[in-house]
2 protein chains.
Amino acid sequence: MAEASAAPRITVERILNPRSVAVFGASDDRSKWAGRIMYYLALHGYAGNVVPINPRRQVVQGKKCYARIDAAPPVDVAIVAIPAASVPATVRECADAGVGCCLIISSGFAEVGGEGVAAELALAELSRRTGMRLIGPNCLGLINVLNGMALTSARVLEVDKLYRGPIGIVSQSGAILLSVFNRAHDVGIGFSQLVSIGNQADLEVCDFLEHMIGDPATRVICLHIEGLKDGRRFLELIRRARKVGKPIVALKTGRSASGEAAARSHTASLAGAYAVFEAACRDAGVVLVDDPDVMVLAADMIARFGPWGAGRIGVVSSSGGINGIVADRLGDIEAPLARLAPATQRALGAFMLPSHLQNPVDLGARRQAAGDAAGVAEEAVRIVAADPDVGVVVVPLTTSPNYEATATALAKGVVGCGKPGFIILTPGSVANGVRAIVKQLGCPLCNRIDDGMRLLRAYRNYAPSPSHDGDGLPASRKGAGQAMLDLSAGYLTEPEAKALIARYGIPITRERIAGTRDEAVAAADAIGYPVAVKAVTARVVHKSDAGLVRLALADRTAVAEAWDEITSRLAALDPAADRVLVAEMVAGELELILGAKDDPQFGPVVMVGAGGVLVELLGDLQMALAPIECRAAEVLLRRLRIWPLLDGYRGRPRLDVGAAATALACLSRLAADLGGRLSELDINPLLVRREGSGVVALDARAIIT
Amino acid sequence: MAEASAAPRITVERILNPRSVAVFGASDDRSKWAGRIMYYLALHGYAGNVVPINPRRQVVQGKKCYARIDAAPPVDVAIVAIPAASVPATVRECADAGVGCCLIISSGFAEVGGEGVAAELALAELSRRTGMRLIGPNCLGLINVLNGMALTSARVLEVDKLYRGPIGIVSQSGAILLSVFNRAHDVGIGFSQLVSIGNQADLEVCDFLEHMIGDPATRVICLHIEGLKDGRRFLELIRRARKVGKPIVALKTGRSASGEAAARSHTASLAGAYAVFEAACRDAGVVLVDDPDVMVLAADMIARFGPWGAGRIGVVSSSGGINGIVADRLGDIEAPLARLAPATQRALGAFMLPSHLQNPVDLGARRQAAGDAAGVAEEAVRIVAADPDVGVVVVPLTTSPNYEATATALAKGVVGCGKPGFIILTPGSVANGVRAIVKQLGCPLCNRIDDGMRLLRAYRNYAPSPSHDGDGLPASRKGAGQAMLDLSAGYLTEPEAKALIARYGIPITRERIAGTRDEAVAAADAIGYPVAVKAVTARVVHKSDAGLVRLALADRTAVAEAWDEITSRLAALDPAADRVLVAEMVAGELELILGAKDDPQFGPVVMVGAGGVLVELLGDLQMALAPIECRAAEVLLRRLRIWPLLDGYRGRPRLDVGAAATALACLSRLAADLGGRLSELDINPLLVRREGSGVVALDARAIIT
């Protein structure tokens with residue numbers, strides 16, 4: 001019998017602002033982990049009570065040392081960086097001594113499998129039973145810049161000063177967190193709080209995310225996530241963050257995970273865990289990135305400047321050569337160069353050669369009277385930034401004569417230009433002096449062109465207001481609701497799946513089931529020729545490949561022959577099946593695939609993509625959490641690579657986008673109603689006809705649990 | 001009347017190994033350009049005669065100074081870094097004084113347009129007339145590491161020592177060259193010679209490329225190219241480099257150039273200048289990159305290790321977090337992780353936890369008895385590298401306890417593992433000590449994950465032997481050759497263009513031209529129903545959109561009606577046209593587009609891509625210089641994204657790849673024969689049928705000049 005859970009002894013707020021911190025294994029030796037932790041707490045000015053624990057010391061780094069935790073004064077947070085084997089006993093002692101939270105740096109728990117898993121479960125159980133919170137194990141600690149509490153042993157803390165800033169980070173990986181912290185410090189980006197959460201035995205990403213959403217000192221939140229403990233809570237929190245206007249930039253690993261279970265449907269195989277995570281994040285306005293350093297660069301950009309707003313890219317550089325490369329790279333990420341207005345060109349013309357008044361602007365092409373680049377650089381940046389078509393200013397800087405002066409002028413230009421902007425420093429160590437200048441002037445800085453491009457991509461994806469209503473939930477949820485409960489579990493045959501989607505208003509082909517040859521012919525007569533005849537079977541997934549589909553049958557004879565052929569093949573493949581579906585033939589312009597499934601973490605999702613043979617070839621898919629309204633469904637269609645084919649491409653007719661969007665919204669309601677019962681459902685293809693002529697589902701299948 | 005050209009006074013070899021160098025404006029003041037040039041020549045041990053030129057000095061930096069060049073001893077190379085206005089007179093004096101070559105750093109010439117163009121032309125003319133060679137103007141000089149001749153004023157030369165190495169660089173941009181040099185120096189990569197060529201008024205990229213192909217000290221050549229003076233010479237040289245086994249890594253800007261003239265055909269609009277350059281380079285085995293620093297990293301990798309060979313990626317890292325990110329990023333570039341063999345896993349199992357024997361290997365998951373990461377890191381790298389499925393070892397390194405020791409062990413592992421490999425250092429300045437260690441151990445190093453991924457992409461594209469015969473020229477050139485001379489210039493109508501391709505053996509639809517309604521019906525009778533009827537017009541490009549095409553006409557009445565409709569529409573659109581084409585209807589599985597054109601720089605090229613509506617939507621195109629043999633044509637088809645549709649995708653029938661490749665090879669011969677007369681030619685679509693059933697061109701058009 002499990003003991004009851006105890007109320008938490010301490011809030012996350014208090015964990016990040018503890019009145020007292022205990023350090024196990026405390027030492028005067030800074031080559032040791034606990035020695036450095038003691039040192040960094042002092043170095044960065046933590047004002048709370050620091051309590052060294054070490055049976056072999058009386059005093060450590062000037063503080064009275066205690067042999068055991070139960071002999072020490074009350075402790076809010078105890079930090080445990082000792083061998084894994086000693087952790088359980090120490091943590092138990094902490095729990096007994098009334099410690100609020102144990103921060104466990106030690107590794108060797110669930111991440112190593114086997115006994116480690118059991119040991120971690122025991123820690124989690126202790127936490128649940130006692131109310132003592134845990135951070136980690138297998139983390140690298142946390143840093144609260146606001147109160148100088150640097151609770152980690154990492155040498156990246158060997159800096160004069162922690163820069164205070166509006167960015168909070170929660171990172172599953174401690175190594176990533178510290179690497180990122182160091183790069184950010186190098187370019188002058190500051191933080192509110194940085195937390196590495198490790199294995200999340202107790203406190204997890206959502207706990208700290210929730211704290212930071214409420215923390216006024218944190219204006220932008222960065223997340224590094226490997227796995228979520230609770231997808232629905234995460235979803236609720238990112239939606240709350242959007243509601244209160246707190247931007248989130250997230251890096252999720254496992255994008256390329258190939259561990260999806262073998263799936264019977266396209267939807268299940270294409271809508272992997274990351275795709276659903278991405279859809280959830282996009283829905284809530286979370287900016288997704290692929291690089292941990294760019295995560296922080298993007299957060300800094302958002303914190304400084306807010307959203308990008310209108311406008312394209314203006315480039316001012318020290319070299320025509322680097323301009324050429326940057327222009328190409330902007331092309332690669334589809335970030336177009338601004339077209340400078342005549343007034344901008346006139347202003348530049350005061351010191352630039354008339355041949356060189358285009359974007360990107362090459363400061364090498366100055367009028368001779370303008371003197372060296374440093375003299376005009378600041379002005380050039382301001383002029384370009386002031387152009388109405390410029391939204392963001394990018395300043396690539398190679399080595400340059402009079403380097404420091406030129407860099408100073410450019411950095412001042414970027415900082416004072418009134419628009420978002422940053423410098424990209426291309427050289428290596430020769431630019432270190434310039435790096436220090438740019439940092440001191442508070443100018444955003446990238447050290448590689450790649451970083452600049454990734455930053456632009458991330459920044460462009462930040463939009464503070466939702467692209468559709470509210471938090472992604474529709475105003476009304478229509479559909480067949482409770483009526484769905486009569487669905488029996490298992491694989492739905494084509495007519496069953498079509499009947500299900502038809503109840504949600506998705507048009508399907510006119511069709512009849514026939515159990516004899518005569519019934520098939522009569523059905524065809526009633527529907528009108530030509531018709532399609534297909535086997536009704538729950539056992540054969542790819543009916544066409546198995547010869548169980550005959551199309552464009554023009555008369556009774558053809559239908560009768562089709563009956564004979566299909567039923568004889570069916571006898572071998574699925575002896576229990578003895579019926580065929582007779583359906584009208586429908587012509588249309590474009591095939592889409594629509595899908596829906598219940599994701600174990602985020603619940604019902606809906607998907608749309610290029611259909612037919614292009615499904616897997618193009619991987620042209622968009623996904624959203626269900627349900628969605630028609631307007632949001634159309635946004636998904638517009639994001640498809642094949643959107644031009646829907647929108648009247650090169651003189652072709654525009655197709656019925658409204659009907660396609662409605663079908664997708666209807667499917668999303670079905671998914672929301674069925675919830676966890678919907679294992680997977682494909683409509684493939686949904687045939688889209690010309691504008692005004694609607695859509696028709698030609699085939700469908702589903703698995704209900 | 002132009003004076004005759006004079007023979008060159010000096011070879012490129014001698015320019016790079018001059019017996020004497022003159023420096024205009026020579027000064028003791030190292031804050032001045034010429035002062036630094038003097039200083040760097042001494043600092044890096046140039047052993048030739050250095051001749052300062054300055055009317056206001058007797059001695060400069062310990063060397064006898066001359067008032068004028070004509071008073072100085074004989075000079076091989078004079079370096080001119082003075083205001084543009086003074087350049088012409090100074091260069092003239094050099095020519096008169098018998099100087100071998102002027103290296104003109106000064107800018108303000110062709111790159112600024114207007115008078116600058118005229119001034120540069122005058123310099124070029126002087127060079128042609130006198131035989132004195134020019135480098136620049138608007139360059140930043142050159143460095144010959146082999147003889148210590150650092151002929152530039154750039155502060156990147158303020159290093160103890162120039163690292164000698166097997167890489168030569170020719171760069172159009174001086175700023176890029178120097179930035180790249182600095183980054184390379186930081187990670188310990190050395191060079192043979194580095195040349196910035198600027199405006200190429202006389203000596204150009206090909207002159208130095210040719211030199212480096214013959215230079216035994218240069219084993220890999222890097223090129224930064226903005227524009228080529230002579231595409232055919234470049235082509236000849238890159239083919240020669242491949243023949244003699246000298247790898248080239250090139251960065252060409254202008255990839256996204258949008259300046260292509262409005263084109264009537266797909267080929268002309270899709271086969272932009274960069275696409276043709278890319279095809280030419282691919283044909284000759286040149287490795288193309290997008291980033292200047294990665295150009296050198298890739299050259300270093302090639303110089304150290306030769307080609308990648310077999311095998312996938314093995315990853316050994318200090319952190320599970322970074323492993324997750326690197327695994328995802330490898331997925332993005334389609335560089336798969338190796339699958340470790342049981343023997344490898346057993347070897348790792350001696351010190352790694354049994355749960356962590358997969359690739360990527362996380363050194364965090366050591367057995368406790370294995371001690372810290374440093375103790376096992378070298379061994380882990382060696383074991384992973386020894387796995388037969390591992391071709392390249394990547395070692396991402398975050399911050400880490402016992403950082404220097406761990407980094408040392410990892411770097412030793414990479415250097416000694418016997419396979420290509422490199423370290424990616426993710427932190428910033430906290431890793432500077434580790435950077436120095438890795439450099440000193442001679443281990444290849446990237447400082448960003450992006451650089452590592454770009455490096456892998458570039459390195460994977462290096463293949464020393466051609467993928468098809470010889471230098472890309474086919475063994476035999478068949479075709480209609482001289483017979484083509486009877487083609488008249490202008491736009492070819494569909495039947496004319498089809499007749500042309502048919503002469504080269506490309507199958508076309510059975511078809512007849514009809515000038516009356518009765519002829520149209522008779523033609524259809526002869527061909528057999530159903531037929532297509534299309535207007536024959538040179539004025540309307542998109543015939544379908546203009547209602548000038550009727551398809552699938554089933555009988556005489558339909559053909560007669562089509563005649564009436566099309567000719568009445570045609571009367572308004574192209575009054576001179578009065579004929580229709582009656583053609584058989586052909587069914588097939590897949591549409592391709594084939595194209596050919598004559599490129600102004602590289603001559604005839606041929607192109608193939610996904611046809612129909614996908615042409616511009618997918619941009620799925622491959623291109624090669626013409627002519628090509630069938631085998632090379634099939635290689636192009638295999639590179640298409642839609643290749644699976646040709647190859648029998650998901651149980652679909654395999655299509656007639658052989659016939660498609662043959663058609664492409666035939667078209668390439670046509671392009672080679674027509675040469676400059678072929679402005680552009682499209683076959684769109686070429687219908688591909690099932691294997692054994694061939695291909696057929698349904699439509700074609702061409703412009704002959």
# chains A, B, ... in the order shown; residues from 1 in each chain; ligands from 1
>>> residues_around(residues="B:Gly198", least_positions_apart="4", cutoff="8 Å", atoms="only C-alpha atoms", output="PDB file with N, CA and C atoms, in the first residue's frame")
ATOM      1  N   ILE B 135      48.590  42.256 -60.631  1.00  0.00           N
ATOM      2  CA  ILE B 135      47.652  41.567 -59.728  1.00  0.00           C
ATOM      3  C   ILE B 135      46.773  42.656 -59.124  1.00  0.00           C
ATOM      4  N   GLY B 136      45.450  42.433 -59.085  1.00  0.00           N
ATOM      5  CA  GLY B 136      44.521  43.465 -58.637  1.00  0.00           C
ATOM      6  C   GLY B 136      44.037  44.252 -59.832  1.00  0.00           C
ATOM      7  N   PRO B 137      43.687  45.521 -59.669  1.00  0.00           N
ATOM      8  CA  PRO B 137      43.663  46.275 -58.408  1.00  0.00           C
ATOM      9  C   PRO B 137      42.550  45.768 -57.471  1.00  0.00           C
ATOM     10  N   ASN B 138      42.415  46.462 -56.335  1.00  0.00           N
ATOM     11  CA  ASN B 138      41.359  46.139 -55.375  1.00  0.00           C
ATOM     12  C   ASN B 138      41.553  44.744 -54.798  1.00  0.00           C
ATOM     13  N   CYS B 139      42.809  44.406 -54.499  1.00  0.00           N
ATOM     14  CA  CYS B 139      43.050  43.126 -53.830  1.00  0.00           C
ATOM     15  C   CYS B 139      43.734  43.418 -52.496  1.00  0.00           C
ATOM     16  N   LEU B 140      44.063  42.370 -51.758  1.00  0.00           N
ATOM     17  CA  LEU B 140      44.775  42.608 -50.499  1.00  0.00           C
ATOM     18  C   LEU B 140      46.110  41.894 -50.458  1.00  0.00           C
ATOM     19  N   SER B 171      41.723  33.686 -53.998  1.00  0.00           N
ATOM     20  CA  SER B 171      40.475  34.295 -53.569  1.00  0.00           C
ATOM     21  C   SER B 171      40.265  35.612 -54.279  1.00  0.00           C
ATOM     22  N   GLN B 172      39.082  35.765 -54.827  1.00  0.00           N
ATOM     23  CA  GLN B 172      38.798  37.045 -55.447  1.00  0.00           C
ATOM     24  C   GLN B 172      38.706  38.138 -54.379  1.00  0.00           C
ATOM     25  N   SER B 173      38.143  37.808 -53.236  1.00  0.00           N
ATOM     26  CA  SER B 173      38.016  38.796 -52.166  1.00  0.00           C
ATOM     27  C   SER B 173      39.199  38.702 -51.214  1.00  0.00           C
ATOM     28  N   GLY B 174      39.864  39.828 -51.022  1.00  0.00           N
ATOM     29  CA  GLY B 174      40.966  39.863 -50.065  1.00  0.00           C
ATOM     30  C   GLY B 174      40.477  39.758 -48.642  1.00  0.00           C
TER      31      GLY B 174
END
>>> closest_atom_pairs(of="chain A", to="chain B", cutoff="7 Å", atoms="only C-alpha atoms", output="JSON lines")
{"residue": "A:Val112", "atom": "CA", "partner": "B:Ser355", "partner_atom": "CA", "distance": 5.9}
{"residue": "A:Gly113", "atom": "CA", "partner": "B:Ser355", "partner_atom": "CA", "distance": 6.0}
{"residue": "A:Val156", "atom": "CA", "partner": "B:Val430", "partner_atom": "CA", "distance": 6.0}
{"residue": "A:Ser173", "atom": "CA", "partner": "B:Gly321", "partner_atom": "CA", "distance": 5.0}
{"residue": "A:Ala175", "atom": "CA", "partner": "B:Thr398", "partner_atom": "CA", "distance": 6.0}
{"residue": "A:Ile176", "atom": "CA", "partner": "B:Gly321", "partner_atom": "CA", "distance": 6.3}
{"residue": "A:Leu178", "atom": "CA", "partner": "B:Thr399", "partner_atom": "CA", "distance": 7.0}
{"residue": "A:Ser179", "atom": "CA", "partner": "B:Pro427", "partner_atom": "CA", "distance": 4.4}
{"residue": "A:Val180", "atom": "CA", "partner": "B:Pro427", "partner_atom": "CA", "distance": 6.7}
{"residue": "A:Asn182", "atom": "CA", "partner": "B:Gly428", "partner_atom": "CA", "distance": 5.6}
{"residue": "A:Arg183", "atom": "CA", "partner": "B:Gly428", "partner_atom": "CA", "distance": 4.6}
{"residue": "A:Asp186", "atom": "CA", "partner": "B:Gly428", "partner_atom": "CA", "distance": 6.7}
{"residue": "A:Thr253", "atom": "CA", "partner": "B:Gly324", "partner_atom": "CA", "distance": 5.6}
{"residue": "A:Gly254", "atom": "CA", "partner": "B:Asp328", "partner_atom": "CA", "distance": 6.4}
{"residue": "A:Arg255", "atom": "CA", "partner": "B:Asp328", "partner_atom": "CA", "distance": 5.8}
{"residue": "A:Ser256", "atom": "CA", "partner": "B:Asp328", "partner_atom": "CA", "distance": 5.3}
{"residue": "A:Ser319", "atom": "CA", "partner": "B:Ala175", "partner_atom": "CA", "distance": 6.4}
{"residue": "A:Gly321", "atom": "CA", "partner": "B:Ser173", "partner_atom": "CA", "distance": 5.0}
{"residue": "A:Ile322", "atom": "CA", "partner": "B:Ile176", "partner_atom": "CA", "distance": 6.5}
{"residue": "A:Gly324", "atom": "CA", "partner": "B:Thr253", "partner_atom": "CA", "distance": 5.6}
{"residue": "A:Ile325", "atom": "CA", "partner": "B:Thr253", "partner_atom": "CA", "distance": 5.7}
{"residue": "A:Asp328", "atom": "CA", "partner": "B:Ser256", "partner_atom": "CA", "distance": 5.3}
{"residue": "A:Gly331", "atom": "CA", "partner": "B:Ser256", "partner_atom": "CA", "distance": 5.9}
{"residue": "A:Leu353", "atom": "CA", "partner": "B:Val112", "partner_atom": "CA", "distance": 6.8}
{"residue": "A:Ser355", "atom": "CA", "partner": "B:Val112", "partner_atom": "CA", "distance": 5.9}
{"residue": "A:Ala365", "atom": "CA", "partner": "B:Val112", "partner_atom": "CA", "distance": 6.5}
{"residue": "A:Thr398", "atom": "CA", "partner": "B:Ala175", "partner_atom": "CA", "distance": 6.0}
{"residue": "A:Thr399", "atom": "CA", "partner": "B:Ser179", "partner_atom": "CA", "distance": 6.1}
{"residue": "A:Thr426", "atom": "CA", "partner": "B:Ser179", "partner_atom": "CA", "distance": 6.3}
{"residue": "A:Pro427", "atom": "CA", "partner": "B:Ser179", "partner_atom": "CA", "distance": 4.4}
{"residue": "A:Gly428", "atom": "CA", "partner": "B:Arg183", "partner_atom": "CA", "distance": 4.6}
{"residue": "A:Ser429", "atom": "CA", "partner": "B:Asp186", "partner_atom": "CA", "distance": 6.7}
{"residue": "A:Val430", "atom": "CA", "partner": "B:Val156", "partner_atom": "CA", "distance": 6.0}
{"residue": "A:Asp450", "atom": "CA", "partner": "B:Asp450", "partner_atom": "CA", "distance": 6.7}
{"residue": "A:Asp545", "atom": "CA", "partner": "B:Gly651", "partner_atom": "CA", "distance": 6.9}
{"residue": "A:Gly651", "atom": "CA", "partner": "B:Asp545", "partner_atom": "CA", "distance": 6.7}
>>> select_by_dssp(residues="stretch 114-282 of chain A", states="strand (DSSP E)", output="NGL selection string")
:A and (133-135 or 142-144 or 149-151 or 164-171 or 191-196 or 220-225 or 248-252)
>>> closest_residue(among="B:Met212, B:Ala522, B:Leu686, B:Ala119", to="B:Val586", atoms="only C-alpha atoms")
B:Leu686
>>> residues_around(residues="B:Asn461", least_positions_apart="2", cutoff="10 Å", atoms="only C-alpha atoms", output="NGL selection string")
:B and (249 or 282 or 285-289 or 298 or 307-308 or 455-459 or 463-464)
>>> residues_around(residues="B:His44", least_positions_apart="2", cutoff="8 Å", atoms="only C-alpha atoms", output="VMD selection string")
chain B and resid 40 to 42 46 148 to 150 161 to 162
>>> write_last_selection(atoms="all heavy atoms", output="short mmCIF file (atom, residue, chain, number, x, y, z; two decimals), in the first residue's frame")
data_model
loop_
_atom_site.label_atom_id
_atom_site.label_comp_id
_atom_site.auth_asym_id
_atom_site.auth_seq_id
_atom_site.Cartn_x
_atom_site.Cartn_y
_atom_site.Cartn_z
N TYR B 40 56.25 42.98 -42.18
CA TYR B 40 55.86 41.57 -42.30
C TYR B 40 56.81 40.78 -43.19
O TYR B 40 57.05 39.59 -42.97
CB TYR B 40 54.42 41.44 -42.82
CG TYR B 40 53.36 42.01 -41.89
CD1 TYR B 40 52.22 42.62 -42.38
CD2 TYR B 40 53.52 41.92 -40.50
CE1 TYR B 40 51.25 43.15 -41.53
CE2 TYR B 40 52.55 42.45 -39.64
CZ TYR B 40 51.43 43.06 -40.16
OH TYR B 40 50.49 43.57 -39.32
N LEU B 41 57.35 41.48 -44.21
CA LEU B 41 58.33 40.79 -45.07
C LEU B 41 59.53 40.34 -44.23
O LEU B 41 60.04 39.22 -44.38
CB LEU B 41 58.79 41.71 -46.20
CG LEU B 41 57.84 41.82 -47.39
CD1 LEU B 41 58.22 42.98 -48.30
CD2 LEU B 41 57.81 40.51 -48.18
N ALA B 42 59.95 41.24 -43.33
CA ALA B 42 61.09 40.89 -42.47
C ALA B 42 60.68 39.85 -41.43
O ALA B 42 61.37 38.85 -41.21
CB ALA B 42 61.61 42.15 -41.78
N TYR B 46 61.21 36.67 -45.44
CA TYR B 46 61.43 36.69 -46.89
C TYR B 46 62.91 36.98 -47.15
O TYR B 46 63.46 37.96 -46.67
CB TYR B 46 60.54 37.78 -47.53
CG TYR B 46 60.88 38.04 -48.97
CD1 TYR B 46 60.80 37.03 -49.93
CD2 TYR B 46 61.27 39.31 -49.39
CE1 TYR B 46 61.11 37.28 -51.25
CE2 TYR B 46 61.58 39.57 -50.72
CZ TYR B 46 61.49 38.54 -51.65
OH TYR B 46 61.80 38.79 -52.96
N GLY B 148 58.15 32.66 -47.05
CA GLY B 148 57.98 33.72 -46.06
C GLY B 148 57.65 35.07 -46.65
O GLY B 148 57.78 36.09 -45.98
N MET B 149 57.20 35.08 -47.90
CA MET B 149 56.89 36.36 -48.52
C MET B 149 55.44 36.75 -48.23
O MET B 149 54.52 36.32 -48.93
CB MET B 149 57.13 36.32 -50.02
CG MET B 149 56.88 37.68 -50.65
SD MET B 149 56.98 37.64 -52.45
CE MET B 149 55.64 36.53 -52.82
N ALA B 150 55.24 37.57 -47.19
CA ALA B 150 53.90 38.02 -46.83
C ALA B 150 53.71 39.40 -47.41
O ALA B 150 54.12 40.40 -46.82
CB ALA B 150 53.78 38.04 -45.31
N LYS B 161 54.43 32.98 -36.43
CA LYS B 161 54.88 32.03 -37.44
C LYS B 161 53.73 31.76 -38.39
O LYS B 161 52.58 31.63 -37.96
CB LYS B 161 55.27 30.77 -36.67
CG LYS B 161 55.47 29.57 -37.47
CD LYS B 161 55.92 28.40 -36.60
CE LYS B 161 56.20 27.28 -37.55
NZ LYS B 161 56.06 25.98 -36.98
N LEU B 162 54.04 31.70 -39.68
CA LEU B 162 53.04 31.27 -40.66
C LEU B 162 53.09 29.75 -40.73
O LEU B 162 54.16 29.19 -40.91
CB LEU B 162 53.36 31.86 -42.03
CG LEU B 162 53.48 33.39 -42.11
CD1 LEU B 162 53.93 33.82 -43.51
CD2 LEU B 162 52.16 34.05 -41.75
#
>>> select_by_dssp(residues="stretch 524-641 of chain A", states="helix (DSSP H, G or I)", output="VMD selection string")
chain A and resid 524 to 527 556 to 573 614 to 618 630 to 639
